[in-house]
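Here the structure comes first, spelled out in structure tokens, and everything after it is commentary.
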Amino acid sequence: MQINLSNINYKNSPNFSSCCRDVKDNSGKFIYRNDTSMFRQDIRNWDKFVDYLNKKFKNTDRVNIYCLASSAGDEPYSLAIKLIEKLGEKEAERYFPIIASDYDEKIIRMAKDGYLPIMDEDIDAINLHTNGRIGKYFDIAYSEPEYIKDMDILFDCLMQVKPIIRDKVKFSVGDAAEKCKIINPDNTIILARNFWPYLRGEDKRIKLANELYKKLGKNSAVIVGNYDNSDGAFATQNLYDAGFVCNPEFSIIYEKNAFPYTKTYIC
Ligand SMILES: C[S@@+](CC[C@H](N)C(=O)[O-])C[C@H]1O[C@@H](n2cnc3c(N)ncnc32)[C@H](O)[C@@H]1O
């Protein structure tokens with residue numbers, strides 16, 4: 001598939017959502033949103049993020065990456081692509097599989113079946129990060145299964161994920177609070193991004209931050225997103241209070257057993 005690399009200024013392009021789907025309860029009340037996107041901009045700088053990982057784990061044979069609340073998979077796929085593009089498939093292998101989960105059974109069914117609904121802006125972002133080689137990682141899906149039609153997702157294009165990254169991400173259904181209890185502690189990165197406000201109640205957020213701190217061991221970190229400090233949630237404060245230290249060069253990274261450069265959390 002040939003898709004032209006558009007001339008967007010990625011840094012200044014607006015935020016958008018590739019998998020936009022509101023989930024409501026039986027009475028029609030909004031519960032949560034599956035919104036996500038390829039190379040979501042609140043990672044700040046994907047190249048720098050992979051450089052950070054590569055430096056942190058330069059002497060590590062196996063790196064454990066977990067993505068809690070992964071939604072359709074844009075986040076683990078973006079990371080898998082970036083690792084492959086920057087390190088090459090062989091060197092990136094020690095980061096795989098990325099273990100992804102979400103409590104939304106429908107979104108995980110779609111991810112397990114290898115479908116990814118995306119917007120035109122995602123196509124631009126993928127091309128930008130792969131030097132125009134979106135076709136290496138995705139095909140256009142030739143048909144849309146009925147259950148995806150019923151999910152009422154907003155997208156421009158339904159993609160079929162190619163094995164080169166599909167095989168690198170293992171999806172399962174699960175609540176973040178439970179999934180974080182069964183992680184490997186050392187050399188571990190937890191992407192816990194853009195869902196903290198959906199943990200209704202400060203006590204649940206504090207509990208998750210404490211659980212993560214208790215479970216994680218050496219050379220490990222938690223990564224948060226912009227949404228996690230909004231809608232009444234303040235995940236970075238919860239993580240800081242639990243004992244994590246914010247990386248001075250990367251305000252989305254909260255490390256365990258790090259040198260405390262700063263006594264403040266980033267807001
Ligand atoms: C805004 S999306 C974020 C997706 C992705 N992490 C990102 O940053 O692009 C929020 C996702 O969190 C999931 N979610 C909310 N609360 C959760 C919980 N307690 N456990 C697992 N998934 C949860 C929702 O199903 C939804 O897919």
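Simple scheme: letters A, B, ... for chains in structure tokens order, numbers from 1 for residues in each chain, numbers from 1 for ligands in the order shown.
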
Item to check | Sel. of alpha helix (DSSP H) residues, region 71-104 of chain A, as an NGL selection string | outcome: :A and (74-87 or 89-92)

Would you mind exporting C-alpha atoms of the selected residues as an mmCIF file, in the first residue's frame?
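Saved to selection.cif:
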data_model
loop_
_atom_site.group_PDB
_atom_site.id
_atom_site.type_symbol
_atom_site.label_atom_id
_atom_site.label_comp_id
_atom_site.auth_asym_id
_atom_site.auth_seq_id
_atom_site.Cartn_x
_atom_site.Cartn_y
_atom_site.Cartn_z
ATOM 1 C CA ASP A 74 -2.251 2.354 19.340
ATOM 2 C CA GLU A 75 0.136 2.892 22.219
ATOM 3 C CA PRO A 76 1.887 -0.512 22.274
ATOM 4 C CA TYR A 77 1.953 -0.581 18.455
ATOM 5 C CA SER A 78 3.529 2.893 18.341
ATOM 6 C CA LEU A 79 6.200 1.767 20.771
ATOM 7 C CA ALA A 80 6.811 -1.501 18.896
ATOM 8 C CA ILE A 81 7.199 0.392 15.609
ATOM 9 C CA LYS A 82 9.530 2.971 17.139
ATOM 10 C CA LEU A 83 11.687 0.271 18.768
ATOM 11 C CA ILE A 84 11.949 -1.621 15.478
ATOM 12 C CA GLU A 85 12.641 1.537 13.455
ATOM 13 C CA LYS A 86 15.347 2.774 15.810
ATOM 14 C CA LEU A 87 16.982 -0.451 16.965
ATOM 15 C CA GLU A 89 14.027 -6.012 14.685
ATOM 16 C CA LYS A 90 16.727 -8.160 16.279
ATOM 17 C CA GLU A 91 17.857 -5.653 18.893
ATOM 18 C CA ALA A 92 14.244 -4.643 19.668
#

Item to check | ligand 1 neighbours within 9 Å using only C-alpha atoms and all ligand atoms, as number ranges by chain | outcome: A: 17, 19-21, 23, 31-40, 42, 67-76, 101-105, 107-108, 173-179, 191-200, 224-227

Just-selected residues, C-alpha atoms written as a PDB file, in the first residue's frame:
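Okay, this is what ended up in result35.pdb:
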ATOM      1  CA  SER A  17      -8.220  10.728  18.566  1.00  0.00           C
ATOM      2  CA  CYS A  19     -10.114   5.382  18.193  1.00  0.00           C
ATOM      3  CA  CYS A  20     -12.880   7.588  19.453  1.00  0.00           C
ATOM      4  CA  ARG A  21     -15.691   5.736  21.185  1.00  0.00           C
ATOM      5  CA  VAL A  23     -18.915   3.896  26.381  1.00  0.00           C
ATOM      6  CA  ILE A  31     -18.600   5.876  31.768  1.00  0.00           C
ATOM      7  CA  TYR A  32     -15.343   6.144  29.810  1.00  0.00           C
ATOM      8  CA  ARG A  33     -13.857   6.850  26.439  1.00  0.00           C
ATOM      9  CA  ASN A  34     -11.555   4.592  24.400  1.00  0.00           C
ATOM     10  CA  ASP A  35      -9.836   7.505  22.701  1.00  0.00           C
ATOM     11  CA  THR A  36      -6.240   6.894  21.715  1.00  0.00           C
ATOM     12  CA  SER A  37      -3.991   7.567  18.743  1.00  0.00           C
ATOM     13  CA  MET A  38      -0.842   6.400  17.042  1.00  0.00           C
ATOM     14  CA  PHE A  39       2.235   8.175  18.425  1.00  0.00           C
ATOM     15  CA  ARG A  40       0.053  10.051  20.886  1.00  0.00           C
ATOM     16  CA  ASP A  42       1.663  13.441  25.165  1.00  0.00           C
ATOM     17  CA  CYS A  67       0.441  -1.269  28.855  1.00  0.00           C
ATOM     18  CA  LEU A  68      -2.482  -0.938  31.273  1.00  0.00           C
ATOM     19  CA  ALA A  69      -5.688   0.429  29.722  1.00  0.00           C
ATOM     20  CA  SER A  70      -4.294   0.022  26.202  1.00  0.00           C
ATOM     21  CA  SER A  71      -7.584   0.650  24.410  1.00  0.00           C
ATOM     22  CA  ALA A  72      -7.314  -0.464  20.740  1.00  0.00           C
ATOM     23  CA  GLY A  73      -3.541  -0.871  20.890  1.00  0.00           C
ATOM     24  CA  ASP A  74      -2.251   2.354  19.340  1.00  0.00           C
ATOM     25  CA  GLU A  75       0.136   2.892  22.219  1.00  0.00           C
ATOM     26  CA  PRO A  76       1.887  -0.512  22.274  1.00  0.00           C
ATOM     27  CA  SER A 101      -4.681  -5.019  28.654  1.00  0.00           C
ATOM     28  CA  ASP A 102      -7.893  -3.080  28.989  1.00  0.00           C
ATOM     29  CA  TYR A 103     -11.097  -3.828  30.857  1.00  0.00           C
ATOM     30  CA  ASP A 104     -13.179  -3.174  27.744  1.00  0.00           C
ATOM     31  CA  GLU A 105     -13.894  -6.606  26.257  1.00  0.00           C
ATOM     32  CA  ILE A 107     -11.935  -3.150  22.277  1.00  0.00           C
ATOM     33  CA  ILE A 108      -9.692  -6.073  23.262  1.00  0.00           C
ATOM     34  CA  VAL A 173      -9.003  -8.249  29.161  1.00  0.00           C
ATOM     35  CA  GLY A 174      -8.414  -7.000  32.681  1.00  0.00           C
ATOM     36  CA  ASP A 175      -8.749  -4.240  35.205  1.00  0.00           C
ATOM     37  CA  ALA A 176      -5.571  -2.213  35.670  1.00  0.00           C
ATOM     38  CA  ALA A 177      -5.780  -2.632  39.442  1.00  0.00           C
ATOM     39  CA  GLU A 178      -5.640  -6.419  39.050  1.00  0.00           C
ATOM     40  CA  LYS A 179      -3.189  -6.563  36.161  1.00  0.00           C
ATOM     41  CA  LEU A 191       2.508   2.493  30.552  1.00  0.00           C
ATOM     42  CA  ALA A 192      -0.369   3.602  32.790  1.00  0.00           C
ATOM     43  CA  ARG A 193      -1.606   6.391  30.633  1.00  0.00           C
ATOM     44  CA  ASN A 194      -4.748   8.398  30.194  1.00  0.00           C
ATOM     45  CA  PHE A 195      -7.161   6.420  32.334  1.00  0.00           C
ATOM     46  CA  TRP A 196      -6.592   7.539  35.961  1.00  0.00           C
ATOM     47  CA  PRO A 197      -9.684   9.794  36.024  1.00  0.00           C
ATOM     48  CA  TYR A 198     -11.769   6.701  35.225  1.00  0.00           C
ATOM     49  CA  LEU A 199     -10.681   5.216  38.549  1.00  0.00           C
ATOM     50  CA  ARG A 200     -13.493   7.013  40.296  1.00  0.00           C
ATOM     51  CA  VAL A 224       1.625   8.632  32.667  1.00  0.00           C
ATOM     52  CA  GLY A 225      -0.300  10.762  30.162  1.00  0.00           C
ATOM     53  CA  ASN A 226      -1.700  14.286  30.052  1.00  0.00           C
ATOM     54  CA  TYR A 227      -5.246  13.196  30.854  1.00  0.00           C
TER      55      TYR A 227
END

Cut-off 7 Å: closest region 138-244 of chain A/region 118-129 of chain A atom pairs per residue, using only C-alpha atoms, as a Markdown table:
| residue | atom | partner | partner_atom | distance |
| --- | --- | --- | --- | --- |
| A:Phe155 | CA | A:Met119 | CA | 5.2 |
| A:Asp156 | CA | A:Met119 | CA | 4.7 |
| A:Cys157 | CA | A:Ile118 | CA | 5.4 |
| A:Leu158 | CA | A:Ile118 | CA | 6.2 |

Go ahead and dump the residues you just picked, N, CA and C atoms, as a tab-separated table (two decimals), in the first residue's frame.
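Result file follows (again.tsv):
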chain	number	residue	atom	x	y	z
A	155	PHE	N	-13.82	6.56	12.82
A	155	PHE	CA	-12.48	6.41	12.21
A	155	PHE	C	-12.55	6.68	10.72
A	156	ASP	N	-11.37	6.96	10.12
A	156	ASP	CA	-11.31	7.18	8.67
A	156	ASP	C	-11.02	5.88	7.94
A	157	CYS	N	-10.25	5.00	8.60
A	157	CYS	CA	-9.76	3.83	7.89
A	157	CYS	C	-9.57	2.67	8.87
A	158	LEU	N	-10.04	1.50	8.51
A	158	LEU	CA	-9.82	0.34	9.36
A	158	LEU	C	-8.60	-0.42	8.83

Next on the checklist: One number please: CA of Val222 (chain A) to CA of Tyr254 (chain A), in Å, one decimal.
Outcome noted: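 Separation between CA of Val222 (chain A) and CA of Tyr254 (chain A): 5.1 Å.
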
Checklist entry - DSSP says strand (DSSP E or B) for which residues of region 62-117 of chain A? Put them as a PyMOL selection string? => result chain A and resi 64-68+98-102+115-117

How would the residues just chosen look if you wrote them out with N, CA and C atoms as a JSON list (two decimals), in the first residue's frame?
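Output file selection38.json follows:
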[["chain", "number", "residue", "atom", "x", "y", "z"],
["A", 64, "ASN", "N", 10.59, -5.78, 30.50],
["A", 64, "ASN", "CA", 9.14, -6.06, 30.61],
["A", 64, "ASN", "C", 8.37, -4.77, 30.37],
["A", 65, "ILE", "N", 7.57, -4.76, 29.33],
["A", 65, "ILE", "CA", 6.74, -3.57, 29.09],
["A", 65, "ILE", "C", 5.26, -3.97, 29.20],
["A", 66, "TYR", "N", 4.57, -3.26, 30.08],
["A", 66, "TYR", "CA", 3.14, -3.49, 30.27],
["A", 66, "TYR", "C", 2.39, -2.23, 29.87],
["A", 67, "CYS", "N", 1.28, -2.41, 29.20],
["A", 67, "CYS", "CA", 0.44, -1.27, 28.86],
["A", 67, "CYS", "C", -0.94, -1.51, 29.49],
["A", 68, "LEU", "N", -1.18, -0.82, 30.60],
["A", 68, "LEU", "CA", -2.48, -0.94, 31.27],
["A", 68, "LEU", "C", -3.46, 0.00, 30.57],
["A", 98, "ILE", "N", 5.11, -6.94, 24.25],
["A", 98, "ILE", "CA", 4.53, -5.94, 25.12],
["A", 98, "ILE", "C", 3.20, -6.52, 25.62],
["A", 99, "ILE", "N", 2.99, -6.47, 26.93],
["A", 99, "ILE", "CA", 1.78, -7.06, 27.51],
["A", 99, "ILE", "C", 0.74, -5.96, 27.69],
["A", 100, "ALA", "N", -0.31, -6.03, 26.88],
["A", 100, "ALA", "CA", -1.32, -4.96, 26.89],
["A", 100, "ALA", "C", -2.65, -5.48, 27.43],
["A", 101, "SER", "N", -3.36, -4.62, 28.14],
["A", 101, "SER", "CA", -4.68, -5.02, 28.65],
["A", 101, "SER", "C", -5.60, -3.82, 28.77],
["A", 102, "ASP", "N", -6.88, -4.12, 28.81],
["A", 102, "ASP", "CA", -7.89, -3.08, 28.99],
["A", 102, "ASP", "C", -9.12, -3.80, 29.53],
["A", 115, "TYR", "N", -7.32, -5.81, 14.21],
["A", 115, "TYR", "CA", -7.86, -4.61, 13.54],
["A", 115, "TYR", "C", -7.46, -3.36, 14.32],
["A", 116, "LEU", "N", -7.23, -2.28, 13.58],
["A", 116, "LEU", "CA", -6.93, -1.00, 14.22],
["A", 116, "LEU", "C", -7.64, 0.12, 13.45],
["A", 117, "PRO", "N", -8.63, 0.76, 14.08],
["A", 117, "PRO", "CA", -9.30, 1.88, 13.40],
["A", 117, "PRO", "C", -8.47, 3.15, 13.57]]

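Remark: for Tyr137 (chain A), the closest of the candidate residues A:Lys56, A:Tyr240, A:Lys29, A:Ile164 is A:Ile164 (distances computed over only C-alpha atoms).
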
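Distances here use only C-alpha atoms; by that measure, the residue among A:Gln237, A:Ile189, A:Lys181, A:Ile206 closest to Glu255 (chain A) is A:Ile189.
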
Checklist entry - So which one's closest to Trp46 (chain A), A:Gln160, A:Thr130, A:Asn26, A:Thr60? Using only C-alpha atoms, please. => result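 Selected residue with least distance to Trp46 (chain A): A:Thr130.
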
Checklist entry - Which of these residues is nearest to Pro97 (chain A), using only C-alpha atoms: A:Lys162, A:Asn131, A:Lys170, A:Pro145? => result A:Lys170

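Among the candidates A:Lys168, A:Ser27, A:Cys246, A:Met110, the one nearest to Glu146 (chain A) when counting only C-alpha atoms is A:Met110.
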
Item to check | Pairwise distance for CA of Tyr95 (chain A) and CA of Lys58 (chain A), rounded to one decimal in Å | outcome: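 Atom-to-atom, CA of Tyr95 (chain A) to CA of Lys58 (chain A), that is 11.4 Å.
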
Checklist entry - Quick one, how far is CA of Ile190 (chain A) from CA of Asp22 (chain A)? => result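 Atom-to-atom, CA of Ile190 (chain A) to CA of Asp22 (chain A), that is 24.7 Å.
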
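Using only C-alpha atoms, the protein and nucleic acid residues lying no more than 9 Å from Thr188 (chain A), apart from those fewer than 3 places from it along its own chain, are Val63, Asn64, Ile65, Tyr66, Ile183, Asn184, Pro185, Leu216, Gly217, Lys218, Asn219, Ser220, Ala221 and Val222 of chain A.
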
Got time to write the residues from that selection, C-alpha atoms, as a PDB file, in the first residue's frame?
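Written output follows (out.pdb):
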ATOM      1  CA  VAL A  63      12.733  -5.727  29.371  1.00  0.00           C
ATOM      2  CA  ASN A  64       9.142  -6.058  30.610  1.00  0.00           C
ATOM      3  CA  ILE A  65       6.736  -3.570  29.087  1.00  0.00           C
ATOM      4  CA  TYR A  66       3.135  -3.494  30.271  1.00  0.00           C
ATOM      5  CA  ILE A 183       3.829  -7.909  36.771  1.00  0.00           C
ATOM      6  CA  ASN A 184       7.487  -8.818  36.748  1.00  0.00           C
ATOM      7  CA  PRO A 185       9.089  -6.332  39.143  1.00  0.00           C
ATOM      8  CA  LEU A 216       7.899  -2.638  41.035  1.00  0.00           C
ATOM      9  CA  GLY A 217      11.531  -3.426  41.749  1.00  0.00           C
ATOM     10  CA  LYS A 218      14.856  -2.238  40.444  1.00  0.00           C
ATOM     11  CA  ASN A 219      15.296  -0.284  37.229  1.00  0.00           C
ATOM     12  CA  SER A 220      11.558   0.194  36.741  1.00  0.00           C
ATOM     13  CA  ALA A 221       9.245   3.115  35.984  1.00  0.00           C
ATOM     14  CA  VAL A 222       5.658   4.178  35.414  1.00  0.00           C
TER      15      VAL A 222
END
